[in-house]
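K.L.:
Dropping in structure_20.csv, with CSV, C-alpha atoms and all ligand atoms.
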```csv
chain,number,residue,atom,x,y,z
M,1,MET,CA,-24.9,-10.5,9.9
M,2,THR,CA,-22.3,-12.3,12.0
M,3,ALA,CA,-18.8,-10.8,12.1
M,4,LEU,CA,-16.0,-12.9,10.6
M,5,ALA,CA,-14.0,-13.7,13.6
M,6,PRO,CA,-11.3,-16.5,13.9
M,7,PRO,CA,-11.3,-19.3,12.7
M,8,ALA,CA,-13.1,-17.9,9.6
M,9,THR,CA,-11.3,-18.7,6.3
M,10,ILE,CA,-9.5,-15.9,4.4
M,11,ALA,CA,-8.1,-16.1,0.9
M,12,PHE,CA,-5.0,-13.9,0.6
M,13,LEU,CA,-3.6,-12.8,-2.8
M,14,GLY,CA,-0.2,-11.1,-2.9
M,15,LEU,CA,2.6,-12.1,-0.4
M,16,GLY,CA,5.0,-9.2,-1.1
M,17,MET,CA,6.6,-6.7,1.2
M,18,MET,CA,3.3,-5.8,2.8
M,19,GLY,CA,1.2,-8.9,2.2
M,20,ARG,CA,3.6,-11.2,4.0
M,21,PRO,CA,3.5,-9.5,7.4
M,22,MET,CA,-0.3,-8.8,7.1
M,23,ALA,CA,-1.0,-12.4,6.3
M,24,ARG,CA,1.2,-13.5,9.2
M,25,ARG,CA,-0.9,-11.3,11.6
M,26,LEU,CA,-4.0,-13.1,10.4
M,27,VAL,CA,-2.5,-16.6,10.9
M,28,GLU,CA,-1.4,-15.5,14.4
M,29,ALA,CA,-4.9,-14.2,15.2
M,30,GLY,CA,-6.3,-17.7,14.4
M,31,PHE,CA,-7.7,-17.2,10.9
M,32,LYS,CA,-7.4,-20.1,8.4
M,33,LEU,CA,-5.5,-18.8,5.4
M,34,ARG,CA,-5.6,-19.9,1.7
M,35,VAL,CA,-2.7,-18.1,0.0
M,36,PHE,CA,-1.8,-17.3,-3.6
M,37,ASP,CA,0.9,-15.3,-5.3
M,38,VAL,CA,2.2,-15.5,-8.9
M,39,SER,CA,5.6,-16.0,-7.3
M,40,GLN,CA,5.7,-19.6,-6.2
M,41,LYS,CA,8.7,-18.8,-4.0
M,42,ALA,CA,6.6,-16.2,-2.1
M,43,VAL,CA,3.9,-18.9,-1.5
M,44,SER,CA,6.3,-21.7,-0.5
M,45,ASP,CA,8.3,-19.3,1.8
M,46,PHE,CA,5.0,-18.3,3.5
M,47,VAL,CA,3.6,-21.7,4.1
M,48,GLY,CA,7.0,-22.9,5.1
M,49,ALA,CA,7.0,-20.3,7.9
M,50,HIS,CA,3.3,-20.8,8.7
M,51,PRO,CA,2.3,-24.4,8.1
M,52,SER,CA,-1.3,-23.8,9.0
M,53,ALA,CA,-1.7,-21.7,5.8
M,54,LEU,CA,-2.7,-23.6,2.7
M,55,ALA,CA,-0.8,-22.9,-0.6
M,56,THR,CA,-3.1,-22.7,-3.6
M,57,ALA,CA,-2.3,-22.5,-7.4
M,58,SER,CA,-4.6,-19.7,-8.5
M,59,ALA,CA,-6.8,-16.9,-7.3
M,60,LYS,CA,-9.8,-19.1,-8.0
M,61,ALA,CA,-8.4,-21.9,-5.9
M,62,ALA,CA,-7.6,-19.6,-3.1
M,63,ALA,CA,-11.1,-18.2,-3.1
M,64,GLU,CA,-12.9,-21.6,-2.8
M,65,GLY,CA,-14.6,-21.9,0.5
M,66,ALA,CA,-13.2,-18.5,1.8
M,67,ASP,CA,-15.4,-16.2,3.8
M,68,ALA,CA,-13.4,-13.2,2.6
M,69,LEU,CA,-10.7,-12.6,0.0
M,70,ILE,CA,-7.9,-10.0,0.5
M,71,THR,CA,-5.9,-8.6,-2.3
M,72,MET,CA,-2.6,-7.0,-1.5
M,73,LEU,CA,-1.3,-6.6,-5.1
M,74,PRO,CA,0.7,-3.9,-6.8
M,75,ASP,CA,-2.2,-1.9,-8.4
M,76,GLY,CA,-5.9,-1.9,-9.2
M,77,LYS,CA,-5.4,-3.2,-12.8
M,78,ILE,CA,-3.8,-6.3,-11.4
M,79,VAL,CA,-6.5,-6.6,-8.8
M,80,ARG,CA,-9.2,-6.5,-11.5
M,81,GLN,CA,-7.4,-9.3,-13.4
M,82,ALA,CA,-7.0,-11.4,-10.3
M,83,VAL,CA,-10.5,-10.9,-9.0
M,84,LEU,CA,-12.7,-10.6,-12.1
M,85,GLU,CA,-11.2,-10.9,-15.5
M,86,GLY,CA,-8.0,-13.0,-15.6
M,87,ARG,CA,-7.7,-16.7,-16.1
M,88,ASP,CA,-8.9,-18.6,-12.9
M,89,ALA,CA,-10.1,-15.3,-11.4
M,90,ALA,CA,-11.2,-15.3,-7.8
M,91,VAL,CA,-14.8,-14.6,-8.7
M,92,GLU,CA,-15.1,-18.1,-10.2
M,93,GLY,CA,-14.3,-19.7,-6.8
M,94,LEU,CA,-16.0,-17.3,-4.4
M,95,GLN,CA,-19.0,-18.6,-2.5
M,96,ALA,CA,-22.2,-16.5,-2.2
M,97,GLY,CA,-21.9,-13.8,0.5
M,98,ALA,CA,-18.1,-13.8,0.5
M,99,LEU,CA,-16.5,-10.3,0.6
M,100,VAL,CA,-13.6,-9.0,-1.3
M,101,LEU,CA,-11.3,-6.6,0.5
M,102,ASP,CA,-8.9,-4.7,-1.8
M,103,MET,CA,-6.2,-3.6,0.6
M,104,SER,CA,-3.9,-2.6,-2.3
M,105,SER,CA,-3.5,1.1,-3.2
M,106,SER,CA,-5.7,1.1,-6.3
M,107,ASN,CA,-7.2,3.8,-8.4
M,108,PRO,CA,-10.6,4.9,-6.8
M,109,VAL,CA,-12.4,5.5,-10.1
M,110,ASP,CA,-11.4,2.0,-11.3
M,111,THR,CA,-12.5,0.6,-7.9
M,112,GLN,CA,-16.0,2.1,-8.3
M,113,LYS,CA,-16.3,0.3,-11.7
M,114,LEU,CA,-14.9,-2.9,-10.2
M,115,VAL,CA,-17.5,-2.7,-7.4
M,116,ARG,CA,-20.3,-2.3,-9.9
M,117,ASP,CA,-19.0,-5.2,-12.1
M,118,LEU,CA,-18.6,-7.5,-9.1
M,119,ALA,CA,-22.1,-6.6,-7.8
M,120,GLY,CA,-23.4,-8.0,-11.1
M,121,ARG,CA,-21.8,-11.3,-10.1
M,122,GLY,CA,-23.2,-11.2,-6.6
M,123,VAL,CA,-20.0,-10.2,-4.9
M,124,ALA,CA,-19.4,-7.2,-2.7
M,125,LEU,CA,-16.0,-5.4,-2.4
M,126,LEU,CA,-14.7,-3.0,0.2
M,127,ASP,CA,-11.6,-0.9,-0.6
M,128,ALA,CA,-9.4,-0.9,2.4
M,129,PRO,CA,-5.9,0.4,1.6
M,130,VAL,CA,-3.4,0.8,4.3
M,131,SER,CA,-0.8,3.3,5.6
M,132,GLY,CA,2.1,2.7,7.9
M,133,GLY,CA,4.6,0.8,5.8
M,134,VAL,CA,6.2,-2.6,6.5
M,135,ARG,CA,7.1,-1.7,10.1
M,136,ARG,CA,3.4,-1.1,11.1
M,137,ALA,CA,2.3,-4.1,9.0
M,138,VAL,CA,4.7,-6.2,11.1
M,139,ASP,CA,3.3,-4.9,14.4
M,140,GLY,CA,-0.3,-4.8,13.3
M,141,SER,CA,-0.8,-1.1,13.8
M,142,LEU,CA,-1.6,-0.1,10.2
M,143,SER,CA,-4.1,2.7,9.4
M,144,ILE,CA,-6.9,1.2,7.3
M,145,MET,CA,-9.0,3.5,5.1
M,146,VAL,CA,-12.3,1.8,4.2
M,147,GLY,CA,-14.7,2.6,1.3
M,148,GLY,CA,-18.0,0.8,1.1
M,149,ALA,CA,-21.0,-0.1,3.2
M,150,ALA,CA,-20.9,0.3,7.0
M,151,ALA,CA,-22.5,-3.1,7.5
M,152,ASP,CA,-19.8,-4.8,5.4
M,153,LEU,CA,-17.1,-3.1,7.4
M,154,GLU,CA,-18.7,-4.4,10.7
M,155,ARG,CA,-18.7,-7.9,9.3
M,156,VAL,CA,-15.0,-7.8,8.6
M,157,ARG,CA,-13.8,-5.6,11.5
M,158,PRO,CA,-12.1,-8.6,13.3
M,159,ILE,CA,-10.1,-9.2,10.1
M,160,PHE,CA,-9.0,-5.6,9.9
M,161,GLY,CA,-8.4,-5.5,13.7
M,162,ALA,CA,-5.7,-8.2,13.3
M,163,MET,CA,-3.8,-6.0,11.0
M,164,GLY,CA,-4.5,-2.4,11.9
M,165,LYS,CA,-5.1,-0.1,14.8
M,166,THR,CA,-7.0,2.8,13.2
M,167,ILE,CA,-9.9,1.7,11.0
M,168,THR,CA,-11.7,4.6,9.4
M,169,LEU,CA,-14.9,4.3,7.2
M,170,CYS,CA,-14.0,7.1,4.7
M,171,GLY,CA,-17.2,7.0,2.6
M,172,PRO,CA,-18.8,4.9,-0.2
M,173,ALA,CA,-16.9,2.7,-2.7
M,174,GLY,CA,-13.6,4.2,-3.8
M,175,ALA,CA,-13.4,6.6,-0.8
M,176,GLY,CA,-10.6,4.6,0.9
M,177,HIS,CA,-8.5,4.4,-2.3
M,178,ALA,CA,-9.0,8.2,-3.0
M,179,LEU,CA,-7.9,9.1,0.6
M,180,LYS,CA,-4.9,6.7,0.4
M,181,ALA,CA,-3.6,8.3,-2.8
M,182,LEU,CA,-4.0,11.8,-1.4
M,183,ASN,CA,-2.3,10.7,1.8
M,184,ASN,CA,0.7,9.5,-0.2
M,185,TYR,CA,0.9,12.8,-1.9
M,186,LEU,CA,1.4,14.5,1.5
M,187,SER,CA,3.8,11.8,2.4
M,188,ALA,CA,5.8,12.2,-0.8
M,189,ALA,CA,5.8,16.0,-0.5
M,190,GLY,CA,7.1,15.9,3.1
M,191,LEU,CA,9.8,13.5,2.2
M,192,VAL,CA,11.1,15.6,-0.7
M,193,ALA,CA,11.0,18.7,1.4
M,194,MET,CA,13.1,17.0,4.1
M,195,CYS,CA,15.6,15.7,1.5
M,196,GLU,CA,16.0,19.0,-0.1
M,197,ALA,CA,16.5,20.7,3.3
M,198,LEU,CA,19.2,18.0,4.2
M,199,VAL,CA,21.0,18.6,0.9
M,200,VAL,CA,21.2,22.4,1.5
M,201,GLY,CA,22.0,22.0,5.2
M,202,GLU,CA,24.8,19.5,4.6
M,203,ALA,CA,26.4,21.8,1.9
M,204,PHE,CA,26.4,24.6,4.5
M,205,GLY,CA,28.1,22.3,6.9
M,206,LEU,CA,25.3,21.1,9.1
M,207,ASP,CA,25.2,17.6,10.5
M,208,PRO,CA,22.2,15.8,8.9
M,209,GLY,CA,21.4,13.8,12.1
M,210,VAL,CA,21.3,17.0,14.1
M,211,MET,CA,19.1,18.6,11.5
M,212,VAL,CA,16.6,15.7,11.7
M,213,ASP,CA,16.6,15.9,15.5
M,214,VAL,CA,15.9,19.6,15.4
M,215,PHE,CA,13.1,19.2,12.8
M,216,ASN,CA,11.5,16.6,15.1
M,217,SER,CA,11.4,19.1,18.0
M,218,SER,CA,10.3,21.9,15.8
M,219,THR,CA,7.6,22.9,13.3
M,220,GLY,CA,9.3,21.1,10.4
M,221,LYS,CA,8.3,17.7,12.0
M,222,SER,CA,6.6,15.3,9.7
M,223,ASN,CA,6.3,11.5,9.1
M,224,ALA,CA,9.4,11.8,6.9
M,225,THR,CA,11.5,13.4,9.7
M,226,GLU,CA,10.1,11.2,12.4
M,227,VAL,CA,10.3,7.7,10.8
M,228,LYS,CA,12.5,8.0,7.7
M,229,GLY,CA,15.2,10.6,8.5
M,230,ARG,CA,17.3,8.9,11.2
M,231,GLN,CA,16.2,5.4,10.1
M,232,PHE,CA,16.8,5.3,6.3
M,233,VAL,CA,18.0,8.6,4.9
M,234,VAL,CA,20.8,9.8,7.2
M,235,PRO,CA,22.4,6.3,7.4
M,236,ARG,CA,21.8,5.9,3.7
M,237,ASN,CA,20.5,2.3,4.0
M,238,PHE,CA,17.4,3.3,2.1
M,239,ALA,CA,15.6,0.2,3.5
M,240,ALA,CA,12.0,1.4,4.1
M,241,GLY,CA,10.5,-1.4,2.0
M,242,PHE,CA,8.3,0.8,-0.3
M,243,THR,CA,9.5,1.3,-3.8
M,244,THR,CA,9.8,4.6,-5.8
M,245,ALA,CA,7.7,2.9,-8.5
M,246,LEU,CA,4.8,2.3,-6.1
M,247,MET,CA,5.0,5.9,-4.9
M,248,VAL,CA,4.9,7.1,-8.5
M,249,LYS,CA,1.8,5.0,-9.0
M,250,ASP,CA,0.1,6.5,-5.9
M,251,LEU,CA,1.0,10.1,-7.0
M,252,ARG,CA,-0.4,9.4,-10.5
M,253,THR,CA,-3.5,8.1,-8.9
M,254,ALA,CA,-3.9,11.3,-7.0
M,255,GLY,CA,-3.1,13.4,-10.1
M,256,ASP,CA,-5.6,11.4,-12.2
M,257,LEU,CA,-8.2,11.9,-9.6
M,258,ALA,CA,-7.7,15.7,-9.7
M,259,THR,CA,-7.9,15.6,-13.6
M,260,HIS,CA,-11.0,13.4,-13.4
M,261,LEU,CA,-12.6,16.0,-11.2
M,262,LYS,CA,-11.4,18.8,-13.6
M,263,LEU,CA,-9.2,20.4,-10.9
M,264,GLN,CA,-5.9,22.3,-11.5
M,265,VAL,CA,-3.5,21.3,-8.7
M,266,PRO,CA,-0.1,22.5,-9.6
M,267,ASN,CA,2.0,21.2,-6.7
M,268,LEU,CA,0.5,17.8,-7.1
M,269,ALA,CA,1.3,17.9,-10.9
M,270,GLN,CA,4.8,18.9,-10.0
M,271,ALA,CA,5.1,16.0,-7.5
M,272,VAL,CA,4.0,13.5,-10.2
M,273,ALA,CA,6.6,14.9,-12.6
M,274,TYR,CA,9.4,15.0,-10.0
M,275,TRP,CA,8.8,11.4,-8.8
M,276,THR,CA,8.4,10.1,-12.3
M,277,ALA,CA,11.8,11.6,-13.4
M,278,ALA,CA,13.3,10.3,-10.2
M,279,ASP,CA,12.0,6.7,-10.8
M,280,GLY,CA,13.7,6.8,-14.2
M,281,LYS,CA,17.0,7.9,-12.8
M,282,LEU,CA,17.1,5.7,-9.6
M,283,GLY,CA,16.4,2.5,-11.5
M,284,LYS,CA,14.2,-0.5,-10.9
M,285,GLY,CA,13.5,-1.6,-7.4
M,286,ALA,CA,14.8,1.7,-5.8
M,287,ASP,CA,13.3,2.4,-2.3
M,288,HIS,CA,11.3,5.6,-2.1
M,289,THR,CA,13.7,7.0,0.5
M,290,GLU,CA,16.3,7.0,-2.3
M,291,ILE,CA,14.6,10.2,-3.4
M,292,PHE,CA,17.3,11.7,-1.3
M,293,ARG,CA,19.9,10.5,-3.8
M,294,TYR,CA,17.8,12.1,-6.6
M,295,ALA,CA,17.7,15.4,-4.7
M,296,GLU,CA,21.5,15.3,-4.4
M,297,MET,CA,21.8,14.6,-8.1
M,298,LEU,CA,19.6,17.5,-9.0
M,299,ALA,CA,21.5,19.8,-6.6
M,300,GLU,CA,24.8,18.9,-8.2
M,301,GLU,CA,23.5,19.5,-11.7
M,302,SER,CA,22.9,23.2,-11.0
E,401,LIG,P1,5.2,-6.0,-3.6
E,401,LIG,O1,5.6,-5.7,-5.0
E,401,LIG,O2,6.3,-6.2,-2.6
E,401,LIG,O3,4.2,-7.2,-3.5
E,401,LIG,C1,3.2,-7.5,-4.5
E,401,LIG,C2,3.0,-9.0,-4.6
E,401,LIG,O4,2.0,-9.3,-5.4
E,401,LIG,C3,4.3,-9.7,-5.1
E,401,LIG,O5,4.6,-10.8,-4.3
E,401,LIG,C4,3.8,-10.2,-6.5
E,401,LIG,O6,4.4,-11.4,-6.9
E,401,LIG,C5,2.3,-10.4,-6.2
E,401,LIG,N1,1.5,-10.4,-7.4
E,401,LIG,C6,1.6,-9.6,-8.5
E,401,LIG,N2,0.6,-9.9,-9.4
E,401,LIG,C7,-0.1,-10.9,-8.8
E,401,LIG,C8,-1.3,-11.7,-9.2
E,401,LIG,N3,-1.9,-11.4,-10.4
E,401,LIG,N4,-1.8,-12.6,-8.4
E,401,LIG,C9,-1.2,-12.9,-7.2
E,401,LIG,N5,-0.1,-12.2,-6.8
E,401,LIG,C10,0.4,-11.3,-7.6
E,401,LIG,O7,4.3,-4.7,-3.2
E,401,LIG,P2,4.0,-4.2,-1.7
E,401,LIG,O8,5.1,-3.2,-1.3
E,401,LIG,O9,3.7,-5.4,-0.8
E,401,LIG,O10,2.7,-3.4,-2.0
E,401,LIG,C11,1.4,-4.0,-2.2
E,401,LIG,C12,0.4,-2.9,-2.3
E,401,LIG,O11,0.3,-2.2,-1.0
E,401,LIG,C13,0.6,-1.9,-3.4
E,401,LIG,O12,-0.6,-1.4,-3.9
E,401,LIG,C14,1.3,-0.7,-2.6
E,401,LIG,O13,1.1,0.5,-3.2
E,401,LIG,C15,0.6,-0.8,-1.3
E,401,LIG,N6,1.3,-0.3,-0.1
E,401,LIG,C16,2.7,-0.6,0.1
E,401,LIG,C17,3.3,-0.2,1.2
E,401,LIG,C18,4.8,-0.5,1.5
E,401,LIG,O14,5.4,0.1,2.4
E,401,LIG,N7,5.4,-1.4,0.8
E,401,LIG,C19,2.6,0.6,2.2
E,401,LIG,C20,1.3,0.8,2.0
E,401,LIG,C21,0.6,0.4,0.8
```
Spit out the file's structure as structure tokens when you get a sec.

P.N.:
Amino acid sequence: MTALAPPATIAFLGLGMMGRPMARRLVEAGFKLRVFDVSQKAVSDFVGAHPSALATASAKAAAEGADALITMLPDGKIVRQAVLEGRDAAVEGLQAGALVLDMSSSNPVDTQKLVRDLAGRGVALLDAPVSGGVRRAVDGSLSIMVGGAAADLERVRPIFGAMGKTITLCGPAGAGHALKALNNYLSAAGLVAMCEALVVGEAFGLDPGVMVDVFNSSTGKSNATEVKGRQFVVPRNFAAGFTTALMVKDLRTAGDLATHLKLQVPNLAQAVAYWTAADGKLGKGADHTEIFRYAEMLAEES
């Protein structure tokens, strides 16, 4: 099977914080894009900035004539609607042999079902969630975690190569989505640990910037200390571009996976509860780095 190199046609659904820069990387690599988002502004802003991309009015219209269809949507339920069950779903427009690439952070068990249901319609799906945030979406250095058949991955490798640097086949359908949710559990846990350490250190009189610098040259170093401390938390701009609500969704996905497998995982359960409560307190649209503000609120309550 030939690899889908530029100028293959890609349908792209979801031009949000991540979808925008990822779709831009594909345009710049020479792919032909057919884009759709329920936000008309998101579509018109994108085609305004990238006139070679074609605006379409539905998932079905985007899918027509595409070699592959990428979803970068909030969650797996929305992906299922957009691809299979909703009005003007992509499956109605997809040509035989086209591949669906779900790059959203979806629920792995739901993904396994979606893969089975789409197979019944003659369509294959790879789960291919990403890690690295907006910054690495912009520079095309995302980590892409793939679940599905190796031959399908080889076919779309040039597409992933335009958006990511590390492309890992994690296992069969759902493996990418499972690994992504577990990765975000580690990420969330590391961020809370840094924030709580900063709250205690500041109360003792330590300088938070100095604390982060010392963590980064010591054993406390993590993704949180390296790319969120000095950048978003210490200056309190909270502008990482990933919402608390999406982090809660990822943690619930990891927690639900443990429950599905009948496993007791107390720290993960605690993380789900902590972030769910924080989401309620921080308000709609809060950036996940605002978890620092939540840690401060809790500390002051005691
Ligand atoms: P976002 O909310 O900024 O963007 C989602 C986009 O999807 C919006 O533009 C919305 O209008 C659109 N949309 C919603 N329903 C739709 C539908 N039915 N059809 C077409 N478009 C629809 O979210 P995001 O931050 O870009 O995240 C997207 C996915 O990537 C999520 O699953 C998230 O968990 C994951 N993710 C985000 C980050 C990050 O740093 N933001 C990093 C890694 C993974």

K.L.:
Please determine, counting all atoms listed in the file, which residue among M:Ile70, M:Ala98, M:Val38, M:Ala151 has the shortest atom-to-atom distance to Ala128 of chain M.

P.N.:
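Once distances to Ala128 of chain M are computed over all atoms listed in the file, the minimum belongs to M:Ile70.
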
K.L.:
Extract, using all atoms listed in the file, all DNA, RNA and protein residues at most 12 Å from Ala8 of chain M, discarding same-chain residues fewer than 3 positions from it, and format them as JSON, numbers by chain.

P.N.:
{"M": [2, 3, 4, 5, 11, 26, 27, 29, 30, 31, 32, 33, 34, 65, 66, 67, 68, 69, 98, 155, 156, 158, 159]}

K.L.:
Could you jot down the atom CA of Gly133 of chain M to atom P2 of ligand LIG 401 (chain E) separation for me, Å, one decimal place?

P.N.:
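Computing the Euclidean distance for atom CA of Gly133 of chain M and atom P2 of ligand LIG 401 (chain E) yields 9.0 Å.
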
K.L.:
How would you report the residues lying within 6 Å of ligand LIG 401 (chain E), as a list in words, if you count all atoms listed in the file?

P.N.:
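For ligand LIG 401 (chain E), the residues inside 6 Å are Leu13, Gly14, Leu15, Gly16, Met17, Met18, Gly19, Phe36, Asp37, Val38, Ser39, Met72, Leu73, Pro74, Asp75, Ile78, Ala82, Ser104, Ser105, Val130, Ser131, Gly133, Val134, Gly241, Phe242 and Leu246 of chain M.
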
K.L.:
Using all atoms listed in the file, can you tell me which of M:Ala189, M:Ala181, M:Val79, M:Ile10 comes closest to Ala61 of chain M?

P.N.:
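Nearest to Ala61 of chain M: M:Ile10.
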
K.L.:
Need the shell around Leu101 of chain M: protein/DNA/RNA residues with any atom at most 6 Å away, counting only C-alpha atoms. Skip same-chain ones fewer than 5 positions apart. Format as a list in words?

P.N.:
Ile70, Leu125, Leu126 and Asp127 of chain M

K.L.:
Applying 12 Å and only C-alpha atoms, which residues near Thr253 of chain M remain after dropping the ones on its own chain fewer than 6 positions away? List them as a list in words.

P.N.:
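Surrounding residues, per the criterion: Asp75, Gly76, Ser105, Ser106, Asn107, Pro108, Val109, Asp110, Thr111, Gly174, His177, Ala178, Leu179, Lys180, Ala181, Leu182, Asn183, Asn184, Tyr185, Leu246, Met247, Thr259, His260, Leu268, Ala269, Ala271 and Val272 of chain M.
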
K.L.:
Which polymer residues have any atom within 7 Å of an atom of Phe238 of chain M, counting all atoms listed in the file, with same-chain residues fewer than 4 positions away left out, as a PyMOL selection string?

P.N.:
chain M and resi 232-233+287+289-290

K.L.:
Create the file for the chosen residues now, containing C-alpha atoms and written as a PDB file, in the frame of the given file.

P.N.:
```
ATOM      1  CA  PHE M 232      16.800   5.300   6.300  1.00  0.00           C
ATOM      2  CA  VAL M 233      18.000   8.600   4.900  1.00  0.00           C
ATOM      3  CA  ASP M 287      13.300   2.400  -2.300  1.00  0.00           C
ATOM      4  CA  THR M 289      13.700   7.000   0.500  1.00  0.00           C
ATOM      5  CA  GLU M 290      16.300   7.000  -2.300  1.00  0.00           C
TER       6      GLU M 290
END
```

K.L.:
So how many Å separate atom CA of Leu257 of chain M and atom CA of Ala175 of chain M, to one decimal?

P.N.:
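Atom-to-atom, atom CA of Leu257 of chain M and atom CA of Ala175 of chain M are spaced 11.5 Å apart.
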
K.L.:
Which is closer to Thr166 of chain M than all the others in M:Arg25, M:Arg136, M:Lys281, M:Arg80, using only C-alpha atoms?

P.N.:
M:Arg136

K.L.:
For atom CA of Val214 of chain M and atom CA of Val199 of chain M, quote the distance in Å rounded to one decimal.

P.N.:
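Spanning atom CA of Val214 of chain M to atom CA of Val199 of chain M is a straight-line distance of 15.4 Å.
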
K.L.:
For Ala245 of chain M, which of M:Leu261, M:Met1, M:Met163, M:Ala278 is the closest residue, counting all atoms listed in the file?

P.N.:
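Counting all atoms listed in the file, the residue closest to Ala245 of chain M is M:Ala278.
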
K.L.:
Would you mind listing what lies within 9 Å of Glu226 of chain M as a PDB file with C-alpha atoms, in the frame of the given file, with only C-alpha atoms counted and same-chain residues fewer than 5 positions away left out?

P.N.:
```pdb
ATOM      1  CA  VAL M 212      16.600  15.700  11.700  1.00  0.00           C
ATOM      2  CA  ASP M 213      16.600  15.900  15.500  1.00  0.00           C
ATOM      3  CA  PHE M 215      13.100  19.200  12.800  1.00  0.00           C
ATOM      4  CA  ASN M 216      11.500  16.600  15.100  1.00  0.00           C
ATOM      5  CA  LYS M 221       8.300  17.700  12.000  1.00  0.00           C
ATOM      6  CA  GLN M 231      16.200   5.400  10.100  1.00  0.00           C
TER       7      GLN M 231
END
```

K.L.:
Rank M:Tyr274, M:Phe46, M:Phe12, M:Phe292 by their smallest atom-to-atom distance to Ala197 of chain M, using only C-alpha atoms, and report the top residue only.

P.N.:
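Of M:Tyr274, M:Phe46, M:Phe12, M:Phe292, the one nearest Ala197 of chain M is M:Phe292, counting only C-alpha atoms.
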
K.L.:
Measuring between only C-alpha atoms, which one of M:Gly201, M:Gly93, M:Leu191, M:Gln112 shows the shortest distance to Ser222 of chain M?

P.N.:
M:Leu191

K.L.:
Taking (-2.2, -19.6, -3.5) in the coordinates of the supplied file, I want to know which residues reach to within 6 Å of it, counting all atoms listed in the file; could you give the answer as a count of residues only?

P.N.:
8
